[in-house]
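For reference, structure_16.txt is printed below; it contains compact mmCIF, C-alpha atoms.
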```txt
# COMPACT_ATOMS: atom_id res chain seq x y z
CA MET E 797 -7.72 9.80 0.06
CA ILE E 798 -7.61 9.88 -3.74
CA THR E 799 -7.77 13.40 -5.07
CA THR E 800 -9.50 14.23 -8.30
CA ASN E 801 -7.87 14.85 -11.64
CA SER E 802 -10.65 16.86 -13.25
CA ALA E 803 -12.70 19.95 -12.62
CA SER E 804 -15.82 17.81 -12.33
CA GLY E 805 -14.49 16.25 -9.15
CA LEU E 806 -14.15 12.77 -10.67
CA PRO E 807 -10.92 10.97 -11.53
CA THR E 808 -10.33 10.69 -15.25
CA LEU E 809 -8.59 8.00 -17.26
CA ARG E 810 -6.39 10.62 -18.89
CA GLY E 811 -5.36 12.07 -15.54
CA ASP E 812 -4.59 8.65 -14.07
CA ALA E 813 -2.64 7.63 -17.17
CA ARG E 814 -0.57 10.80 -16.98
CA VAL E 815 0.42 10.17 -13.37
CA ILE E 816 1.16 6.50 -14.04
CA ALA E 817 3.34 7.37 -17.04
CA LEU E 818 5.33 10.01 -15.13
CA VAL E 819 5.97 7.75 -12.16
CA GLY E 820 6.81 4.83 -14.46
CA LEU E 821 9.33 6.97 -16.34
CA ALA E 822 11.06 7.91 -13.08
CA HIS E 823 11.12 4.29 -11.92
CA GLY E 824 12.69 3.16 -15.19
CA VAL E 825 15.58 5.59 -14.57
CA SER E 826 16.06 4.09 -11.10
CA HIS E 827 16.42 0.56 -12.45
CA PHE E 828 18.63 1.75 -15.30
CA TYR E 829 21.06 3.05 -12.67
CA HIS E 830 21.10 -0.30 -10.86
CA LEU E 831 23.30 -1.62 -13.67
CA ILE E 832 25.36 1.29 -15.02
CA LEU E 833 28.41 0.13 -13.07
CA ALA E 834 27.94 -3.61 -13.59
CA ALA E 835 27.67 -3.05 -17.35
CA LEU E 836 31.09 -1.37 -17.30
CA PHE E 837 32.99 -3.94 -15.23
CA VAL E 838 34.85 -5.14 -18.36
CA TRP E 839 36.33 -1.65 -18.74
CA LEU E 840 36.68 -0.69 -15.08
CA LYS E 841 38.66 -3.80 -14.13
CA PRO E 842 41.74 -3.05 -16.26
CA ALA E 843 41.37 0.73 -15.96
CA PHE E 844 41.73 0.60 -12.16
CA ASP E 845 43.45 -2.81 -11.84
CA LEU E 846 40.59 -4.17 -9.71
CA SER E 847 39.68 -7.69 -8.64
CA TYR E 848 36.20 -9.10 -9.17
CA ALA E 849 35.67 -8.87 -5.41
CA GLU E 850 36.43 -5.15 -5.49
CA LEU E 851 34.06 -4.67 -8.41
CA GLY E 852 31.35 -6.65 -6.62
CA LEU E 853 31.83 -4.54 -3.50
CA LEU E 854 30.83 -1.45 -5.48
CA MET E 855 27.43 -3.03 -6.13
CA THR E 856 27.07 -4.26 -2.55
CA VAL E 857 27.74 -0.75 -1.22
CA PHE E 858 25.25 0.70 -3.73
CA PHE E 859 22.47 -1.57 -2.47
CA ILE E 860 23.36 -1.20 1.22
CA ILE E 861 23.22 2.59 0.96
CA SER E 862 20.02 2.34 -1.05
CA GLY E 863 18.43 -0.04 1.44
CA VAL E 864 19.22 2.04 4.51
CA GLY E 865 18.33 5.24 2.70
CA GLN E 866 15.05 3.79 1.47
CA ALA E 867 13.83 3.12 5.00
CA LEU E 868 14.73 6.68 6.00
CA ALA E 869 13.33 8.21 2.82
CA GLY E 870 9.87 6.94 3.68
CA PHE E 871 9.78 9.19 6.76
CA VAL E 872 10.91 12.17 4.67
CA VAL E 873 8.19 11.44 2.10
CA ASP E 874 5.48 11.43 4.78
CA ARG E 875 6.87 14.64 6.28
CA PHE E 876 7.66 16.77 3.22
CA GLY E 877 5.75 15.12 0.36
CA ALA E 878 6.73 12.61 -2.29
CA ARG E 879 7.34 14.98 -5.20
CA ALA E 880 10.23 16.92 -3.65
CA VAL E 881 11.87 13.69 -2.48
CA LEU E 882 11.50 12.12 -5.94
CA PHE E 883 13.07 15.17 -7.60
CA SER E 884 16.05 15.06 -5.23
CA GLY E 885 16.65 11.36 -5.91
CA ILE E 886 16.63 11.79 -9.68
CA PHE E 887 19.02 14.74 -9.37
CA LEU E 888 21.42 12.66 -7.25
CA LEU E 889 21.47 9.91 -9.86
CA GLY E 890 22.62 12.37 -12.50
CA VAL E 891 25.29 13.74 -10.17
CA SER E 892 26.50 10.23 -9.37
CA ALA E 893 27.05 9.40 -13.05
CA LEU E 894 29.03 12.61 -13.54
CA ALA E 895 31.12 11.83 -10.45
CA LEU E 896 31.81 8.29 -11.70
CA SER E 897 32.80 9.58 -15.13
CA THR E 898 35.56 11.70 -13.57
CA ALA E 899 36.82 9.04 -11.14
CA HIS E 900 40.55 8.33 -11.12
CA SER E 901 40.71 6.03 -8.09
CA TYR E 902 38.80 3.18 -6.49
CA ALA E 903 37.80 5.52 -3.65
CA ALA E 904 36.22 7.88 -6.19
CA LEU E 905 34.32 4.98 -7.76
CA MET E 906 33.07 4.01 -4.31
CA LEU E 907 31.91 7.59 -3.67
CA GLY E 908 30.02 7.57 -6.97
CA ALA E 909 28.39 4.26 -6.07
CA MET E 910 27.33 5.69 -2.72
CA LEU E 911 25.81 8.77 -4.37
CA ALA E 912 23.92 6.51 -6.79
CA GLY E 913 22.65 4.43 -3.87
CA MET E 914 21.42 7.56 -2.10
CA GLY E 915 19.60 8.68 -5.24
CA ASN E 916 18.07 5.25 -5.78
CA SER E 917 16.78 5.07 -2.21
CA VAL E 918 13.89 7.48 -2.69
CA PHE E 919 11.99 5.88 -5.56
CA HIS E 920 9.80 3.24 -3.97
CA PRO E 921 8.44 5.31 -1.07
CA ALA E 922 7.99 8.35 -3.32
CA ASP E 923 6.57 6.48 -6.33
CA TYR E 924 4.03 4.45 -4.41
CA THR E 925 2.91 7.41 -2.34
CA ILE E 926 2.24 9.39 -5.54
CA LEU E 927 0.38 6.47 -7.13
CA ASN E 928 -1.75 5.92 -4.04
CA GLN E 929 -2.56 9.63 -3.71
CA ARG E 930 -3.03 10.58 -7.36
CA VAL E 931 -4.46 7.48 -9.10
CA SER E 932 -8.06 6.35 -8.57
CA ALA E 933 -8.51 3.13 -6.60
CA ALA E 934 -10.04 1.40 -9.63
CA ARG E 935 -6.88 1.93 -11.68
CA VAL E 936 -4.10 1.79 -9.09
CA ALA E 937 -3.39 -1.88 -9.87
CA TYR E 938 -2.62 -0.88 -13.44
CA GLY E 939 -0.34 1.81 -12.06
CA PHE E 940 1.57 -0.79 -10.08
CA SER E 941 1.76 -2.93 -13.22
CA VAL E 942 3.28 -0.14 -15.33
CA HIS E 943 5.62 0.72 -12.45
CA GLY E 944 7.02 -2.81 -12.47
CA ILE E 945 7.25 -2.99 -16.26
CA SER E 946 9.15 0.30 -16.46
CA GLY E 947 11.66 -1.04 -13.94
CA ASN E 948 12.25 -4.12 -16.07
CA ILE E 949 12.73 -1.94 -19.14
CA GLY E 950 15.37 0.03 -17.25
CA TRP E 951 17.17 -3.18 -16.32
CA ALA E 952 17.06 -4.38 -19.93
CA LEU E 953 18.24 -1.12 -21.52
CA ALA E 954 21.14 -0.27 -19.19
CA PRO E 955 23.56 -3.06 -20.29
CA LEU E 956 22.74 -2.50 -23.96
CA PHE E 957 23.18 1.27 -23.82
CA MET E 958 26.27 1.36 -21.59
CA THR E 959 28.04 -1.42 -23.50
CA TYR E 960 27.31 0.17 -26.87
CA VAL E 961 28.63 3.61 -25.90
CA ALA E 962 31.67 2.24 -24.04
CA THR E 963 32.56 -0.03 -26.97
CA ASN E 964 32.30 2.71 -29.55
CA TYR E 965 33.67 5.56 -27.48
CA ASP E 966 34.84 5.20 -23.88
CA TRP E 967 33.49 4.14 -20.49
CA ARG E 968 33.70 7.72 -19.25
CA VAL E 969 31.63 8.89 -22.20
CA ALA E 970 29.09 6.15 -21.43
CA LEU E 971 28.67 7.50 -17.90
CA GLN E 972 28.41 11.08 -19.15
CA CYS E 973 25.67 9.98 -21.57
CA ALA E 974 23.93 8.12 -18.74
CA ALA E 975 23.88 11.36 -16.74
CA VAL E 976 21.73 13.00 -19.42
CA LEU E 977 18.87 10.56 -18.73
CA PRO E 978 17.93 11.59 -15.15
CA PHE E 979 18.37 15.29 -15.86
CA GLY E 980 16.10 14.96 -18.91
CA VAL E 981 13.48 13.05 -16.94
CA LEU E 982 13.71 15.59 -14.12
CA LEU E 983 12.84 18.33 -16.60
CA ILE E 984 9.81 16.36 -17.84
CA LEU E 985 8.60 15.79 -14.28
CA PHE E 986 9.10 19.45 -13.39
CA LEU E 987 7.03 20.56 -16.38
CA ASN E 988 4.28 18.15 -15.23
CA ARG E 989 4.75 18.83 -11.51
CA HIS E 990 1.10 19.69 -10.90
CA ALA E 991 0.02 16.17 -11.92
CA ILE E 992 2.19 14.59 -9.20
CA ARG E 993 1.62 17.23 -6.53
CA PRO E 994 1.53 15.81 -3.00
CA GLU E 995 -1.43 15.98 -0.70
CA PRO E 996 -1.06 18.69 1.96
CA VAL E 997 0.97 17.40 4.87
CA LYS E 998 -0.92 17.81 8.14
CA GLN E 999 1.06 19.24 11.01
CA ALA E 1000 1.51 16.87 13.93
CA ALA E 1001 2.98 16.99 17.38
CA PRO E 1002 6.63 15.92 17.75
CA GLY E 1003 6.90 12.14 17.67
CA GLN E 1004 3.52 11.76 15.99
CA ALA E 1005 2.53 11.15 12.38
CA ALA E 1006 -0.05 13.25 10.57
CA GLY E 1007 -2.89 11.00 11.62
CA GLY E 1008 -2.09 11.39 15.33
CA GLU E 1009 -0.45 8.00 15.76
CA GLY E 1010 3.18 7.68 16.83
CA THR E 1011 5.64 8.08 13.97
CA LEU E 1012 7.09 4.62 14.61
CA ASP E 1013 3.84 2.86 15.55
CA PHE E 1014 3.63 1.20 12.15
CA LEU E 1015 6.78 -0.77 13.01
CA ARG E 1016 4.75 -2.72 15.56
CA LEU E 1017 2.57 -4.22 12.83
CA PRO E 1018 3.58 -7.84 12.04
CA ALA E 1019 2.33 -7.39 8.46
CA VAL E 1020 4.96 -4.71 7.80
CA TRP E 1021 7.81 -7.04 8.80
CA MET E 1022 6.28 -9.93 6.87
CA CYS E 1023 6.28 -7.66 3.80
CA PHE E 1024 9.93 -6.83 4.48
CA ALA E 1025 10.74 -10.53 4.74
CA PHE E 1026 8.85 -11.19 1.50
CA PHE E 1027 10.95 -8.66 -0.40
CA PHE E 1028 14.20 -9.79 1.20
CA ILE E 1029 13.59 -13.44 0.28
CA THR E 1030 12.40 -12.81 -3.27
CA ALA E 1031 15.25 -10.35 -3.90
CA ILE E 1032 17.83 -13.00 -2.93
CA ALA E 1033 16.37 -15.22 -5.66
CA LEU E 1034 16.36 -12.30 -8.11
CA GLY E 1035 19.98 -11.53 -7.27
CA GLY E 1036 20.92 -15.09 -8.19
CA ILE E 1037 19.07 -14.89 -11.51
CA GLN E 1038 20.54 -11.51 -12.45
CA SER E 1039 24.11 -12.36 -11.50
CA PHE E 1040 24.66 -16.02 -12.32
CA ALA E 1041 21.73 -17.60 -14.21
CA SER E 1042 23.48 -17.28 -17.58
CA VAL E 1043 26.74 -18.80 -16.33
CA ALA E 1044 24.84 -21.60 -14.55
CA LEU E 1045 22.90 -22.46 -17.71
CA VAL E 1046 26.13 -22.75 -19.69
CA LYS E 1047 27.53 -25.21 -17.14
CA LEU E 1048 24.31 -27.14 -16.62
CA TYR E 1049 23.10 -27.47 -20.21
CA GLY E 1050 26.32 -27.05 -22.16
CA MET E 1051 24.73 -24.24 -24.17
CA SER E 1052 26.56 -21.28 -25.64
CA LEU E 1053 26.86 -18.07 -23.65
CA ALA E 1054 24.81 -16.33 -26.33
CA LEU E 1055 21.92 -18.75 -25.86
CA ALA E 1056 22.21 -18.51 -22.08
CA THR E 1057 22.07 -14.73 -22.32
CA SER E 1058 18.99 -15.10 -24.50
CA ALA E 1059 17.42 -17.17 -21.73
CA TYR E 1060 17.94 -14.28 -19.28
CA THR E 1061 16.48 -11.89 -21.85
CA ALA E 1062 13.48 -14.22 -22.15
CA TYR E 1063 13.10 -14.06 -18.36
CA MET E 1064 13.08 -10.24 -18.39
CA LEU E 1065 10.71 -9.88 -21.34
CA ALA E 1066 8.30 -12.50 -20.01
CA SER E 1067 8.39 -10.82 -16.61
CA ALA E 1068 7.27 -7.56 -18.22
CA VAL E 1069 4.42 -9.38 -19.98
CA GLY E 1070 3.51 -11.04 -16.68
CA MET E 1071 3.32 -7.67 -14.94
CA LEU E 1072 0.93 -6.42 -17.60
CA ALA E 1073 -1.30 -9.46 -17.05
CA GLY E 1074 -0.81 -9.16 -13.31
CA GLY E 1075 -2.30 -5.67 -13.38
CA VAL E 1076 -5.54 -7.10 -14.76
CA VAL E 1077 -5.51 -9.94 -12.22
CA GLY E 1078 -4.83 -7.55 -9.35
CA ALA E 1079 -7.57 -5.14 -10.39
CA ARG E 1080 -10.15 -7.95 -10.42
CA SER E 1081 -9.08 -9.70 -7.22
CA LYS E 1082 -9.72 -8.77 -3.60
CA GLN E 1083 -7.09 -11.16 -2.19
CA PRO E 1084 -3.74 -10.16 -3.69
CA ASP E 1085 -1.75 -12.38 -1.32
CA ARG E 1086 -3.33 -15.48 -2.86
CA ASN E 1087 -2.42 -14.28 -6.36
CA VAL E 1088 1.17 -13.91 -5.19
CA ALA E 1089 1.18 -17.37 -3.59
CA ILE E 1090 -0.12 -19.09 -6.72
CA ALA E 1091 2.30 -17.29 -9.03
CA PHE E 1092 5.35 -17.97 -6.88
CA ALA E 1093 4.39 -21.61 -6.34
CA ALA E 1094 4.43 -22.05 -10.11
CA ALA E 1095 7.73 -20.16 -10.44
CA ALA E 1096 9.36 -22.28 -7.73
CA LEU E 1097 8.32 -25.54 -9.37
CA LEU E 1098 9.63 -24.33 -12.74
CA ALA E 1099 12.98 -23.37 -11.16
CA VAL E 1100 13.39 -26.85 -9.68
CA LEU E 1101 12.50 -28.38 -13.04
CA LEU E 1102 15.16 -26.20 -14.65
CA ALA E 1103 17.70 -27.46 -12.09
CA MET E 1104 16.97 -31.07 -13.03
CA ALA E 1105 18.25 -30.49 -16.60
CA VAL E 1106 15.68 -32.87 -18.08
CA VAL E 1107 14.86 -30.61 -21.03
CA PRO E 1108 17.02 -29.66 -24.04
CA ALA E 1109 18.83 -26.32 -24.17
CA TRP E 1110 15.99 -24.59 -26.00
CA GLY E 1111 13.63 -25.90 -23.32
CA ALA E 1112 15.73 -24.17 -20.68
CA VAL E 1113 15.14 -20.88 -22.47
CA VAL E 1114 11.40 -21.56 -22.38
CA LEU E 1115 11.53 -22.43 -18.68
CA MET E 1116 13.42 -19.24 -17.88
CA GLY E 1117 10.73 -17.29 -19.71
CA ALA E 1118 8.00 -19.12 -17.80
CA ILE E 1119 9.68 -18.34 -14.46
CA GLY E 1120 9.85 -14.69 -15.45
CA LEU E 1121 6.20 -14.71 -16.50
CA MET E 1122 5.01 -16.09 -13.16
CA SER E 1123 7.23 -13.70 -11.20
CA GLY E 1124 5.85 -10.81 -13.23
CA VAL E 1125 2.23 -11.81 -12.65
CA ALA E 1126 2.88 -11.60 -8.90
CA GLY E 1127 4.25 -8.04 -9.07
CA PRO E 1128 1.09 -5.86 -9.06
CA SER E 1129 -0.66 -8.09 -6.50
CA ARG E 1130 2.45 -7.84 -4.32
CA ASP E 1131 2.19 -4.04 -4.34
CA LEU E 1132 -1.54 -4.17 -3.65
CA MET E 1133 -0.81 -6.49 -0.73
CA ILE E 1134 1.52 -3.89 0.79
CA ARG E 1135 -0.97 -1.09 0.09
CA ALA E 1136 -3.62 -2.97 2.06
CA ALA E 1137 -1.23 -3.55 4.95
CA ALA E 1138 -0.11 0.09 5.21
CA PRO E 1139 -1.85 2.30 7.79
CA LYS E 1140 -3.28 5.60 6.60
CA ASN E 1141 -0.78 8.50 6.58
CA ALA E 1142 2.15 6.07 6.72
CA THR E 1143 2.41 5.06 3.08
CA GLY E 1144 5.89 6.47 2.56
CA ARG E 1145 7.29 4.97 5.75
CA VAL E 1146 5.80 1.54 5.08
CA TYR E 1147 6.98 1.37 1.48
CA GLY E 1148 10.39 2.70 2.52
CA VAL E 1149 10.94 0.03 5.18
CA VAL E 1150 9.39 -2.78 3.14
CA TYR E 1151 11.29 -2.05 -0.06
CA SER E 1152 14.56 -1.76 1.83
CA GLY E 1153 14.19 -5.55 1.98
CA LEU E 1154 14.56 -5.56 -1.82
CA ASP E 1155 17.90 -3.79 -1.67
CA SER E 1156 19.03 -5.98 1.23
CA GLY E 1157 18.23 -9.13 -0.73
CA LEU E 1158 19.96 -7.83 -3.87
CA ALA E 1159 23.05 -7.16 -1.77
CA VAL E 1160 23.05 -10.66 -0.23
CA GLY E 1161 21.95 -12.72 -3.25
CA PRO E 1162 25.05 -12.34 -5.44
CA LEU E 1163 27.32 -13.24 -2.51
CA PHE E 1164 25.36 -16.39 -1.67
CA PHE E 1165 24.93 -17.62 -5.22
CA GLY E 1166 28.50 -16.63 -6.10
CA ALA E 1167 29.69 -19.05 -3.42
CA LEU E 1168 27.55 -21.80 -4.99
CA MET E 1169 29.05 -21.14 -8.39
CA ASP E 1170 32.59 -21.07 -6.97
CA GLY E 1171 31.82 -24.54 -5.62
CA ASP E 1172 30.68 -25.60 -9.12
CA HIS E 1173 27.04 -26.25 -8.18
CA PRO E 1174 25.03 -24.74 -11.06
CA ALA E 1175 22.01 -26.99 -10.43
CA MET E 1176 21.83 -25.91 -6.79
CA LEU E 1177 21.62 -22.30 -7.93
CA PHE E 1178 18.20 -22.98 -9.46
CA VAL E 1179 17.15 -25.23 -6.58
CA PHE E 1180 17.79 -22.43 -4.11
CA ILE E 1181 16.08 -19.89 -6.36
CA GLY E 1182 13.00 -22.13 -6.24
CA LEU E 1183 13.39 -22.58 -2.48
CA PHE E 1184 13.48 -18.85 -1.82
CA GLN E 1185 10.45 -18.32 -4.04
CA ALA E 1186 8.60 -21.03 -2.12
CA LEU E 1187 9.56 -19.45 1.22
CA ALA E 1188 8.12 -16.16 -0.01
CA ILE E 1189 4.69 -17.80 -0.28
CA ALA E 1190 4.50 -18.20 3.50
CA THR E 1191 5.20 -14.51 4.06
CA ALA E 1192 2.63 -13.45 1.43
CA VAL E 1193 -0.10 -15.61 2.98
CA GLY E 1194 0.87 -14.30 6.41
CA VAL E 1195 0.54 -10.69 5.27
CA GLY E 1196 -2.90 -11.36 3.79
CA GLY E 1197 -4.09 -13.09 6.92
CA LYS E 1198 -2.90 -10.30 9.22
CA THR E 1199 -4.43 -7.62 6.97
CA ARG E 1200 -7.82 -9.32 6.84
CA ALA E 1201 -7.79 -9.90 10.59
CA ALA E 1202 -7.03 -6.23 11.21
CA ALA E 1203 -9.86 -5.20 8.86
CA LEU E 1204 -12.33 -7.43 10.75
CA GLN E 1205 -11.30 -5.91 14.08
CA LYS E 1206 -12.02 -2.40 12.76
CA ALA E 1207 -15.38 -3.45 11.28
```

Kindly transcribe the structure held in the file into structure tokens.
Amino acid sequence: MITTNSASGLPTLRGDARVIALVGLAHGVSHFYHLILAALFVWLKPAFDLSYAELGLLMTVFFIISGVGQALAGFVVDRFGARAVLFSGIFLLGVSALALSTAHSYAALMLGAMLAGMGNSVFHPADYTILNQRVSAARVAYGFSVHGISGNIGWALAPLFMTYVATNYDWRVALQCAAVLPFGVLLILFLNRHAIRPEPVKQAAPGQAAGGEGTLDFLRLPAVWMCFAFFFITAIALGGIQSFASVALVKLYGMSLALATSAYTAYMLASAVGMLAGGVVGARSKQPDRNVAIAFAAAALLAVLLAMAVVPAWGAVVLMGAIGLMSGVAGPSRDLMIRAAAPKNATGRVYGVVYSGLDSGLAVGPLFFGALMDGDHPAMLFVFIGLFQALAIATAVGVGGKTRAAALQKA
């Protein structure tokens, strides 16, 4: 049920835009914190005398904790409301940065990474529940679009900000500055708390959700696990792009590291543009799974073309941008696809379980693609990225088919 944003009883553009902006701001903080440690590896390695494997383990633990916590957070969202859960997650992110800034051992770094993972775990179930409850159905696709774009902005800003502060001051100062961000955003959300208020939670018998169905009944739906598989598969590909695409391009095309880094930047910027366009596509389409399939088919073909190294170095930058564009276009339709598959009164639980696939894939991807790069197979990195994107098409089509079949049975 979409509640109204105006005294007249009708949703307003201003009210919807306010909710979308607040949720997007929170999501940007989440993605910013994905990379605060990775951006400081150059400083942390000598400071603690760590190996690359030990540094990588910090990120793996972050995403494992986030993935497990995300599945559990969905149940908490449905029980206590999304706003309180979102506030707690943002607070934990700030605490994690302060803990990391005072670390004097690897164990302390690991504890900070775990706290950050716990904080990060709440965002998808809380964010999407707020968007579904507080934004009108006609504009929710645009909300999903802004949500994805804000995440990309967080990813893009974190390395720039953390590297700049650590270079000019100290890595501990960089983490202390990073802690200011979530606490500042938490204040903004608190001042606007009425706009993101949760719907009243209906009391239910033990073991039952608010709608009367069993709390775990949604886990029996094949569409939920297909959505999980979709996120897991696509996140493996994303993990390869984030971790090793620049290095692979240097080896494959003989380009400079600066140009290879520019190619990754092109991927991120084009992905944000694609999400903006994808919001329009999603709002006008009634079959989001087909939008996803078309976009990922194009992205997969472009990744294989990139692996063939048949274009000049500047062409590789263009191809990376095109892959990002197609991946971005799929984003809002992907979220609409999950929205359609989620039973009523189980939004938080469904998004929590489904998006835990994202964290799981991001934990596995760097390990898999790192092994490829250790074996000196840069071309295969892009081949497998394309393969995983192609495999995701089957899960997207499967989700759409199951959702439409379930709708026909209820009709």

Practice task
Check the smallest atom-to-atom distance from each of E:Val918, E:Ser901, E:Val969, E:Thr1057 to Asp845 in chain E using all atoms listed in the file, then report the winner.
Solution key: E:Ser901

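Among the candidate residues E:Leu809, E:Ile984, E:Leu1072, E:Ala904, the one lying nearest to Tyr938 in chain E is E:Leu1072, with distances computed using only C-alpha atoms.
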
List every residue of range 841-922 of chain E that has an atom at most 12 Å from any atom of range 1164-1186 of chain E, and for each one report the closest atom pair and its distance in Å to one decimal, counting only C-alpha atoms, with rows sorted by chain and then by increasing residue number, as a tab-separated table.
```
residue	atom	partner	partner_atom	distance
E:Tyr848	CA	E:Gly1166	CA	11.2
E:Ala849	CA	E:Gly1166	CA	10.6
E:Gly852	CA	E:Gly1166	CA	10.4
```

Practice task
Extract, using all atoms listed in the file, all DNA, RNA and protein residues at most 7 Å from Gly1153 in chain E, discarding same-chain residues fewer than 3 positions from it, and format them as a list in words.
Solution key: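 My reading of the contact set: Gly863, Phe1024, Ala1025, Phe1027, Phe1028, Val1150, Ser1156 and Gly1157 of chain E.
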
Residues from last step as file, C-alpha atoms, as a JSON list (two decimals), in the coordinates of the input:
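Just written: result-v3.json:
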```
[["chain", "number", "residue", "atom", "x", "y", "z"],
["E", 863, "GLY", "CA", 18.43, -0.04, 1.44],
["E", 1024, "PHE", "CA", 9.93, -6.83, 4.48],
["E", 1025, "ALA", "CA", 10.74, -10.53, 4.74],
["E", 1027, "PHE", "CA", 10.95, -8.66, -0.40],
["E", 1028, "PHE", "CA", 14.20, -9.79, 1.20],
["E", 1150, "VAL", "CA", 9.39, -2.78, 3.14],
["E", 1156, "SER", "CA", 19.03, -5.98, 1.23],
["E", 1157, "GLY", "CA", 18.23, -9.13, -0.73]]
```

Handout entry: Nearest candidate to Ala1033 in chain E (options E:Val881, E:Thr898, E:Gly1120, E:Val931; using all atoms listed in the file)
Key =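 Checking each candidate against Ala1033 in chain E, we get E:Gly1120 as the closest.
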
Practice task
Would you list the residues near (16.0, 6.1, -1.5) (no more than 7 Å away, in the coordinates of the file, using all atoms listed in the file) as a PyMOL selection string?
Solution key: chain E and resi 862+865-866+869+885+914-919

Handout entry: Non-local contacts of Val1069 in chain E (8 Å; only C-alpha atoms; under 4 positions in same chain excluded) as a ChimeraX atom specification
Key = /E:945,1065,1073,1121,1124

I need the chosen residues saved as a PDB file, keeping the file's coordinate frame, with C-alpha atoms.
```pdb
ATOM      1  CA  ILE E 945       7.250  -2.990 -16.260  1.00  0.00           C
ATOM      2  CA  LEU E1065      10.710  -9.880 -21.340  1.00  0.00           C
ATOM      3  CA  ALA E1073      -1.300  -9.460 -17.050  1.00  0.00           C
ATOM      4  CA  LEU E1121       6.200 -14.710 -16.500  1.00  0.00           C
ATOM      5  CA  GLY E1124       5.850 -10.810 -13.230  1.00  0.00           C
TER       6      GLY E1124
END
```

Handout entry: Polymer residues at most 6 Å from (11.2, 2.5, 5.1) by only C-alpha atoms, as a list in words
Key =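 Answer for this query, in the requested form: Gln866, Ala867, Leu868, Gly870, Arg1145, Val1146, Tyr1147, Gly1148, Val1149 and Val1150 of chain E.
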
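Distance annotation: of E:Ala952, E:Leu985, E:Ala878, E:Ile1189, the residue with the minimal separation from Arg930 in chain E is E:Ala878; atom set is only C-alpha atoms.
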
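When all atoms listed in the file are used to compute distances to Ala1059 in chain E, the closest of the residues E:Ile1119, E:Ala1091, E:Leu971, E:Ile949 turns out to be E:Ile1119.
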
Fill in the blank from the handout: Using all atoms listed in the file, the shortest atom-to-atom distance to Pro955 in chain E among E:Ala1109, E:Ile1090, E:Val838, E:Ser1081 belongs to E:Val838

Handout entry: Atom-to-atom span, CA of Ala1192 in chain E and CA of Ala822 in chain E, Å
Key =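 Interatomic distance, CA of Ala1192 in chain E to CA of Ala822 in chain E: 27.2 Å.
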
Go ahead and fit an axis-aligned box to every listed atom of range 972-988 of chain E plus 6 Å each side, and pass me the centre and edge lengths in Å, one decimal, as AutoDock Vina command-line options.
```
--center_x 16.3 --center_y 14.3 --center_z -17.5 --size_x 36.1 --size_y 24.4 --size_z 20.2
```

Completion exercise
Between CA of Met1133 in chain E and CA of Thr1030 in chain E lies a distance of 14.9 Å

Practice task
For Ala1105 in chain E, work out the shell of residues within 12 Å, counting only C-alpha atoms and skipping chain neighbours fewer than 5 positions away, then give it as a list in words.
Solution key: Ala1044, Leu1045, Val1046, Lys1047, Leu1048, Tyr1049, Gly1050, Met1051, Leu1098, Ala1099, Val1100, Trp1110, Gly1111, Ala1112, Val1113, Leu1115, Pro1174, Ala1175, Met1176, Phe1178 and Val1179 of chain E

Exercise for the section: One decimal, Å: what's the distance from CA of Asp1085 in chain E over to CA of Arg879 in chain E, could you say? Expected result: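 Calculated distance between CA of Asp1085 in chain E and CA of Arg879 in chain E is 29.1 Å.
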